[in-house]
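> Dropping a structure here in structure tokens format, bear with me for questions.
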Amino acid sequence: MKILMVGSGGREHALIKKLKESPKCTKLYCAPGNGGISRDAETVNIGAMDIENMVKFAKDKAIDLVFVAPDDPLAAGMVDAMNDAGIRAFGPNENAAIIEASKVFSKNLMKKYNIPTAKYEVFDDAKKAMEYVEKENTVPVVVKADGLALGKGVIIAQTIDEAKAAIKSIMEDKQFGDSGNNIVIEEFLTGPEVSVLAFTDGKVVKPMVSSKDHKRAYDNDEGLNTGGMGTVSPNPYYSDEIAKECYDTIFVPTIEAMSKEGRPFKGCLYFGLMITPNGPKVIEYNARFGDPEAQVVLPRLKTDLVDICEAVIDEKLADIDVEWYDGATACIVMASGGYPLAYKKGIEISGLDKNGSVSGAVVYHAGTKLENGKFLTNGGRVLGVTAKADTLDEALKKAYAAVDKIHFDGAHFRKDIGRTK
Ligand code: AMP
Ligand code: GLY
């Protein structure tokens with residue numbers, strides 16, 4: 001099978017390495033990919049949002065399976081466009097990807113189908129939203145832009161003034177453009193966070209092994225929110241008992257709700273959960289694999305990923321067993337100095353071999369380019385250094401030992417992955 005991966009980050013690199021293990025996979029392309037990915041797949045210079053040229057390329061090369069990994073092309077209908085052209089694609093249709101693309105949609109869905117989540121109100125008017133936070137007078141309070149905002153659309157306001165400033169910047173100053181036409185104001189929840197990715201064909205849902213992301217830039221959960229600075233799997237806070245409760249009260253009801261709404265979800269659905277004192281609740285849905293969750297979950301997948309993709313597309317997920325390796329994985333993200341704010345690109349990375357790897361770990365490239373045989377930084381998150389072992393302690397030790405072998409000017413990474421709530 002000829003397979004085309006759409007996207008360019010560490011998640012896509014992890015997906016590619018897993019797809020390569022399949023005996024069915026004879027040729028792999030990635031558009032646009034990155035320096036490290038070019039060692040595992042043929043990279044193609046088409047942007048992830050260029051639907052027209054992506055479809056044309058897939059047709060020209062007679063691609064058997066397109067895997068759309070990022071949120072933007074899913075929300076923009078790339079899977080629909082592929083299907084219209086007669087090409088098989090993994091990922092939700094546009095009308096199902098809305099579960100991530102609109103928080104107003106997902107909150108209303110949860111309310112309608114009794115899926116546990118934070119209490120909330122929706123506003124399309126800044127003045128009314130400000131009056132509401134003043135009247136409620138409860139802090140912290142969470143202000144969320146409705147649409148996609150590169151993971152920056154959530155503000156946890158510690159004071160009423162901060163909440164009003166957030167409402168102003170999202171709704172009046174249009175910090176996130178049209179993504180901020182509507183906002184959700186919701187109750188602040190507490191408890192450990194868990195990421196659970198799940199395969200679903202719209203009929204059945206098969207949760208993957210759990211993981212834990214570390215979103216803040218610095219140790220002890222200080223600094224700004226990022227796309228994710230590191231992950232571990234399994235998540236230490238996700239017991240079998242909680243997993244069962246999530247399956248019954250969240251996973252199955254969500255899949256059924258989407259089908260009842262005429263928006264069957266096919267692909268990977270990401271449940272961002274918080275284990276609150278009142279039970280597990282949904283913080284957010286994503287319509288795709290998480291990044292860097294994919295980097296710790298996929299190395300534990302035993303079943304052929306191509307078989308799973310086909311079963312999802314053919315709505316036959318009930319017929320296959322999705323199996324996992326025991327043990328644990330840890331991924332340490334090495335980021336550019338300054339990330340998630342401004343950072344430099346084009347800095348030489350030392351310590352990697354010619355394939356972009358080091359011994360003792362797998363290096364997923366997130367933001368690199370390859371020039372004259374040298375790997376250079378080319379993004380905020382640069383590398384996801386990942387190790388697998390029998391226990392989480394060993395996996396962390398191996399991953400950090402590998403990180404020590406890699407250098408680039410300004411590199412920063414968290415030293416406490418797997419150690420905080
Ligand atoms: P998101 O960008 O939607 O993943 O949200 C970013 C982070 O904000 C989440 O990972 C949580 O840590 C936090 N968050 C979002 N909603 C809430 C909430 N209702 N209560 C507490 N924390 C929240
Ligand atoms: N790591 C969080 C996300 O992919 O949204």
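All residue names refer to the structure tokens as shown: chains lettered A, B, ... in order, residues numbered from 1 in each chain, ligands numbered from 1 in order.
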Any residue with an atom at most 7 Å from ligand 1 counts, using only C-alpha atoms and all ligand atoms. Which are they? Put them as a list of chain:residue names.

A:Ala118, A:Val142, A:Gly151, A:Lys152, A:Gly153, A:Val154, A:Ile156, A:Glu186, A:Glu187, A:Phe188, A:Leu189, A:Thr190, A:Lys215, A:Ile283, A:Glu284

> Only N, CA and C atoms, please: the residues just picked out, written as a short mmCIF file (atom, residue, chain, number, x, y, z; two decimals), in the first residue's frame.


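Generated file (part_1.cif):
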```
data_model
loop_
_atom_site.label_atom_id
_atom_site.label_comp_id
_atom_site.auth_asym_id
_atom_site.auth_seq_id
_atom_site.Cartn_x
_atom_site.Cartn_y
_atom_site.Cartn_z
N ALA A 118 -17.34 20.52 32.84
CA ALA A 118 -17.48 21.70 33.70
C ALA A 118 -18.75 22.47 33.32
N VAL A 142 -12.71 30.13 33.95
CA VAL A 142 -12.03 29.74 32.72
C VAL A 142 -12.74 30.36 31.51
N GLY A 151 -3.93 26.08 20.53
CA GLY A 151 -3.76 25.67 21.93
C GLY A 151 -3.65 26.84 22.90
N LYS A 152 -3.91 28.08 22.40
CA LYS A 152 -3.73 29.25 23.28
C LYS A 152 -5.05 29.90 23.65
N GLY A 153 -6.15 29.31 23.24
CA GLY A 153 -7.46 29.94 23.42
C GLY A 153 -8.12 29.73 24.77
N VAL A 154 -7.37 29.19 25.74
CA VAL A 154 -7.95 28.95 27.07
C VAL A 154 -7.22 29.81 28.09
N ILE A 156 -7.10 30.85 32.12
CA ILE A 156 -7.58 30.60 33.48
C ILE A 156 -7.37 31.89 34.27
N GLU A 186 -16.42 28.97 31.74
CA GLU A 186 -16.76 27.77 32.50
C GLU A 186 -16.12 27.70 33.86
N GLU A 187 -16.69 26.81 34.64
CA GLU A 187 -16.28 26.52 36.00
C GLU A 187 -14.85 25.98 36.00
N PHE A 188 -14.05 26.38 36.97
CA PHE A 188 -12.67 25.90 37.13
C PHE A 188 -12.70 24.56 37.87
N LEU A 189 -12.13 23.54 37.25
CA LEU A 189 -12.10 22.21 37.87
C LEU A 189 -10.69 21.92 38.38
N THR A 190 -10.58 20.99 39.31
CA THR A 190 -9.25 20.61 39.79
C THR A 190 -9.12 19.09 39.78
N LYS A 215 1.88 20.42 29.93
CA LYS A 215 1.67 21.52 28.98
C LYS A 215 2.47 22.78 29.27
N ILE A 283 -12.49 17.84 29.76
CA ILE A 283 -11.99 19.21 29.63
C ILE A 283 -12.09 19.64 28.17
N GLU A 284 -11.71 18.74 27.27
CA GLU A 284 -11.78 19.06 25.84
C GLU A 284 -11.75 17.78 25.03
#
```

> For ligand 2, return the neighbouring residues as an MDAnalysis selection string (distance at most 6 Å; only C-alpha atoms and all ligand atoms).

chainID A and resid 213 227:228 290:293

> As a PyMOL selection string, please: the residues near Gly77 in chain A (cut-off 12 Å, only C-alpha atoms, same-chain neighbours under 5 positions excluded).

chain A and resi 48-52+55+68+70-72+82-84+89+91-98+101

> Considering only C-alpha atoms, return as a ChimeraX atom specification whatever protein or nucleic-acid residues lie within 12 Å of Glu310 in chain A, sequence-local ones (same chain, fewer than 4 positions apart) excluded.

/A:1,3,24,64-67,88-91,199-201,266-267,304-306,314-317,319-320

> Those same residues, written as a PDB file, in the first residue's frame with C-alpha atoms?


```pdb
ATOM      1  CA  MET A   1       0.000   0.000   0.000  1.00  0.00           C
ATOM      2  CA  ILE A   3       0.405   5.759   2.232  1.00  0.00           C
ATOM      3  CA  LYS A  24       1.359  -3.885   4.075  1.00  0.00           C
ATOM      4  CA  ASP A  64      -4.176   3.778  -1.104  1.00  0.00           C
ATOM      5  CA  LEU A  65      -4.492   5.486   2.288  1.00  0.00           C
ATOM      6  CA  VAL A  66      -4.198   9.117   3.347  1.00  0.00           C
ATOM      7  CA  PHE A  67      -3.716   9.804   7.047  1.00  0.00           C
ATOM      8  CA  ARG A  88      -9.529   6.385   1.295  1.00  0.00           C
ATOM      9  CA  ALA A  89      -8.577   8.623   4.204  1.00  0.00           C
ATOM     10  CA  PHE A  90      -8.221   8.154   7.969  1.00  0.00           C
ATOM     11  CA  GLY A  91      -9.703  10.946  10.073  1.00  0.00           C
ATOM     12  CA  PHE A 199      -9.950   4.565  17.839  1.00  0.00           C
ATOM     13  CA  THR A 200     -13.553   4.747  16.715  1.00  0.00           C
ATOM     14  CA  ASP A 201     -15.442   3.879  13.547  1.00  0.00           C
ATOM     15  CA  LYS A 266     -14.405   8.037  12.409  1.00  0.00           C
ATOM     16  CA  GLY A 267     -10.735   8.275  13.281  1.00  0.00           C
ATOM     17  CA  ASP A 304      -0.784  -3.398  12.840  1.00  0.00           C
ATOM     18  CA  LEU A 305      -1.782   0.276  12.542  1.00  0.00           C
ATOM     19  CA  VAL A 306      -2.653  -0.115   8.858  1.00  0.00           C
ATOM     20  CA  ASP A 314     -14.706   0.236   6.739  1.00  0.00           C
ATOM     21  CA  GLU A 315     -16.613   0.522  10.052  1.00  0.00           C
ATOM     22  CA  LYS A 316     -15.357  -2.898  11.119  1.00  0.00           C
ATOM     23  CA  LEU A 317     -13.457  -1.922  14.249  1.00  0.00           C
ATOM     24  CA  ASP A 319     -13.897  -7.240  14.334  1.00  0.00           C
ATOM     25  CA  ILE A 320     -10.284  -6.616  15.361  1.00  0.00           C
TER      26      ILE A 320
END
```

> Tell me, counting only C-alpha atoms, for each residue of range 196-250 of chain A within 7 Å of range 271-280 of chain A, which pair of atoms is nearest and how far apart they are in Å to one decimal, in rows ordered by chain and increasing number, as a Markdown table.


```
| residue | atom | partner | partner_atom | distance |
| --- | --- | --- | --- | --- |
| A:Val196 | CA | A:Phe271 | CA | 5.1 |
| A:Leu197 | CA | A:Phe271 | CA | 6.1 |
| A:Cys246 | CA | A:Pro280 | CA | 6.7 |
```

> For N, CA, C and O atoms, I'd like the residues from the last selection saved as a compact mmCIF listing (two decimals), in the first residue's frame.


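Once everything was written out, this is selection_29.txt:
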```txt
# COMPACT_ATOMS: atom_id res chain seq x y z
N VAL A 196 -6.73 10.45 26.96
CA VAL A 196 -7.06 9.12 26.43
C VAL A 196 -7.42 9.28 24.95
O VAL A 196 -8.39 9.96 24.61
N LEU A 197 -6.60 8.68 24.09
CA LEU A 197 -6.91 8.66 22.67
C LEU A 197 -7.69 7.39 22.41
O LEU A 197 -7.47 6.38 23.08
N CYS A 246 -14.93 6.02 32.81
CA CYS A 246 -14.80 6.89 31.63
C CYS A 246 -15.42 6.23 30.41
O CYS A 246 -16.09 6.88 29.60
```

> Name the residues of range 244-369 of chain A that fall into strand (DSSP E) according to DSSP on the backbone, using the chain letters and numbers of this document, as number ranges by chain.

A: 267-276, 279-286, 328-335, 362-365, 368-369

> So, with only C-alpha atoms as the atoms that count, which of A:His407, A:Lys112, A:Lys135, A:Lys56 lies closest to Lys260 in chain A?

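Result for the nearest residue to Lys260 in chain A: A:Lys112.
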
> Any idea what's packed within 9 Å of range 28-30 of chain A, counting only C-alpha atoms, ignoring anything in its chain fewer than 6 positions away? Could you give it as a short mmCIF file (atom, residue, chain, number, x, y, z; two decimals) with all heavy atoms, in the first residue's frame?


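New file out_27.cif:
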```cif
data_model
loop_
_atom_site.label_atom_id
_atom_site.label_comp_id
_atom_site.auth_asym_id
_atom_site.auth_seq_id
_atom_site.Cartn_x
_atom_site.Cartn_y
_atom_site.Cartn_z
N MET A 1 0.83 -1.20 0.00
CA MET A 1 0.00 0.00 0.00
C MET A 1 0.86 1.25 0.00
O MET A 1 1.86 1.33 0.69
CB MET A 1 -0.87 0.03 1.27
CG MET A 1 -2.05 -0.92 1.21
SD MET A 1 -2.93 -0.96 2.78
CE MET A 1 -3.68 0.66 2.85
N LYS A 2 0.42 2.22 -0.76
CA LYS A 2 1.09 3.52 -0.74
C LYS A 2 0.33 4.42 0.23
O LYS A 2 -0.89 4.58 0.09
CB LYS A 2 1.09 4.13 -2.14
CG LYS A 2 2.03 3.40 -3.09
CD LYS A 2 2.17 4.14 -4.39
CE LYS A 2 1.31 3.51 -5.45
NZ LYS A 2 1.40 4.17 -6.75
N ILE A 3 1.05 4.97 1.17
CA ILE A 3 0.41 5.76 2.23
C ILE A 3 0.95 7.18 2.23
O ILE A 3 2.16 7.39 2.08
CB ILE A 3 0.62 5.09 3.62
CG1 ILE A 3 0.11 3.64 3.57
CG2 ILE A 3 -0.08 5.89 4.72
CD1 ILE A 3 0.26 2.86 4.86
N LEU A 4 0.04 8.14 2.39
CA LEU A 4 0.43 9.56 2.48
C LEU A 4 0.05 10.09 3.86
O LEU A 4 -1.12 10.05 4.25
CB LEU A 4 -0.29 10.37 1.39
CG LEU A 4 -0.27 11.90 1.52
CD1 LEU A 4 1.16 12.45 1.40
CD2 LEU A 4 -1.16 12.54 0.44
N MET A 5 1.04 10.59 4.61
CA MET A 5 0.80 11.24 5.90
C MET A 5 0.74 12.74 5.69
O MET A 5 1.64 13.31 5.05
CB MET A 5 1.95 10.88 6.85
CG MET A 5 1.93 11.54 8.21
SD MET A 5 0.54 11.05 9.25
CE MET A 5 0.73 9.27 9.23
N VAL A 6 -0.30 13.37 6.21
CA VAL A 6 -0.42 14.82 6.12
C VAL A 6 -0.02 15.42 7.47
O VAL A 6 -0.61 15.07 8.51
CB VAL A 6 -1.86 15.24 5.77
CG1 VAL A 6 -2.01 16.76 5.78
CG2 VAL A 6 -2.26 14.68 4.40
N GLY A 7 0.98 16.32 7.46
CA GLY A 7 1.41 16.98 8.69
C GLY A 7 2.93 17.07 8.75
O GLY A 7 3.61 16.61 7.83
N SER A 8 3.46 17.63 9.83
CA SER A 8 4.90 17.88 9.85
C SER A 8 5.54 17.82 11.24
O SER A 8 6.66 18.28 11.41
CB SER A 8 5.18 19.26 9.26
OG SER A 8 4.56 20.25 10.07
N GLU A 12 3.37 13.19 13.70
CA GLU A 12 3.39 12.58 12.37
C GLU A 12 4.58 11.64 12.22
O GLU A 12 4.48 10.58 11.61
CB GLU A 12 3.43 13.68 11.29
CG GLU A 12 2.11 14.44 11.12
CD GLU A 12 1.82 15.47 12.22
OE1 GLU A 12 2.66 15.66 13.12
OE2 GLU A 12 0.73 16.09 12.18
N ILE A 16 4.36 7.74 11.34
CA ILE A 16 5.10 7.18 10.21
C ILE A 16 5.95 5.98 10.64
O ILE A 16 5.95 4.94 9.98
CB ILE A 16 5.97 8.29 9.57
CG1 ILE A 16 5.08 9.15 8.67
CG2 ILE A 16 7.15 7.72 8.80
CD1 ILE A 16 5.71 10.42 8.19
N LEU A 19 3.55 3.09 11.10
CA LEU A 19 3.03 2.59 9.82
C LEU A 19 4.10 1.78 9.08
O LEU A 19 3.80 0.78 8.42
CB LEU A 19 2.54 3.74 8.93
CG LEU A 19 1.26 4.45 9.40
CD1 LEU A 19 1.04 5.74 8.61
CD2 LEU A 19 0.04 3.53 9.26
N LYS A 20 5.36 2.23 9.20
CA LYS A 20 6.47 1.54 8.52
C LYS A 20 6.65 0.10 8.99
O LYS A 20 7.19 -0.73 8.27
CB LYS A 20 7.79 2.28 8.81
CG LYS A 20 8.20 3.21 7.71
CD LYS A 20 9.53 3.86 8.03
CE LYS A 20 10.70 3.14 7.41
NZ LYS A 20 11.93 3.97 7.49
N ILE A 37 11.75 13.43 9.47
CA ILE A 37 10.76 12.58 8.78
C ILE A 37 11.30 12.13 7.42
O ILE A 37 11.04 11.02 6.97
CB ILE A 37 9.41 13.34 8.64
CG1 ILE A 37 8.72 13.44 10.01
CG2 ILE A 37 8.50 12.65 7.62
CD1 ILE A 37 7.43 14.26 10.02
N SER A 38 12.14 12.99 6.78
CA SER A 38 12.65 12.64 5.45
C SER A 38 13.55 11.41 5.48
O SER A 38 13.86 10.85 4.44
CB SER A 38 13.38 13.84 4.83
OG SER A 38 14.62 14.03 5.47
N ASP A 40 12.57 8.72 7.03
CA ASP A 40 11.64 7.58 7.12
C ASP A 40 10.58 7.56 6.04
O ASP A 40 9.88 6.57 5.87
CB ASP A 40 10.94 7.60 8.49
CG ASP A 40 11.87 7.19 9.61
OD1 ASP A 40 12.37 6.06 9.56
OD2 ASP A 40 12.12 8.01 10.51
N ALA A 41 10.39 8.70 5.36
CA ALA A 41 9.35 8.77 4.32
C ALA A 41 9.82 9.76 3.27
O ALA A 41 10.70 10.59 3.53
CB ALA A 41 8.04 9.27 4.95
N GLU A 42 9.24 9.68 2.08
CA GLU A 42 9.57 10.67 1.06
C GLU A 42 8.75 11.93 1.34
O GLU A 42 7.52 11.88 1.36
CB GLU A 42 9.23 10.12 -0.33
CG GLU A 42 9.65 11.06 -1.43
CD GLU A 42 9.45 10.47 -2.82
OE1 GLU A 42 9.53 9.22 -2.99
OE2 GLU A 42 9.18 11.27 -3.75
N THR A 43 9.42 13.03 1.62
CA THR A 43 8.68 14.26 1.95
C THR A 43 8.28 14.97 0.66
O THR A 43 8.99 14.93 -0.35
CB THR A 43 9.48 15.18 2.88
OG1 THR A 43 10.76 15.41 2.31
CG2 THR A 43 9.64 14.58 4.27
N VAL A 44 7.13 15.61 0.72
CA VAL A 44 6.52 16.25 -0.44
C VAL A 44 6.20 17.68 -0.05
O VAL A 44 5.61 17.91 1.01
CB VAL A 44 5.20 15.53 -0.84
CG1 VAL A 44 4.62 16.13 -2.10
CG2 VAL A 44 5.43 14.04 -1.00
N ASN A 45 6.57 18.63 -0.90
CA ASN A 45 6.42 20.03 -0.53
C ASN A 45 5.00 20.56 -0.80
O ASN A 45 4.80 21.41 -1.68
CB ASN A 45 7.48 20.86 -1.27
CG ASN A 45 7.57 22.26 -0.72
OD1 ASN A 45 7.06 22.54 0.37
ND2 ASN A 45 8.20 23.15 -1.47
#
```

> Mind listing the alpha helix (DSSP H) residues of range 188-360 of chain A, per DSSP on the backbone, as a count of residues only?

30

> I'd like the contact shell of Gln295 in chain A - 12 Å cut-off, only C-alpha atoms, skipping same-chain residues fewer than 2 positions apart - returned as number ranges by chain.

A: 9-18, 197, 211-213, 228-233, 289-293, 297-301, 328-333, 361-366, 383-388

> Using only C-alpha atoms, which of A:Leu224, A:Val194, A:Leu74, A:Ala145 sits nearest Gly338 in chain A?

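Nearest candidate to Gly338 in chain A out of A:Leu224, A:Val194, A:Leu74, A:Ala145: A:Leu224.
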
> With distances taken over only C-alpha atoms, which residue among A:Leu396, A:Ile170, A:Ala342, A:Cys25 lies nearest Asp125 in chain A?

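Of the candidates, the smallest distance to Asp125 in chain A is held by A:Ile170.
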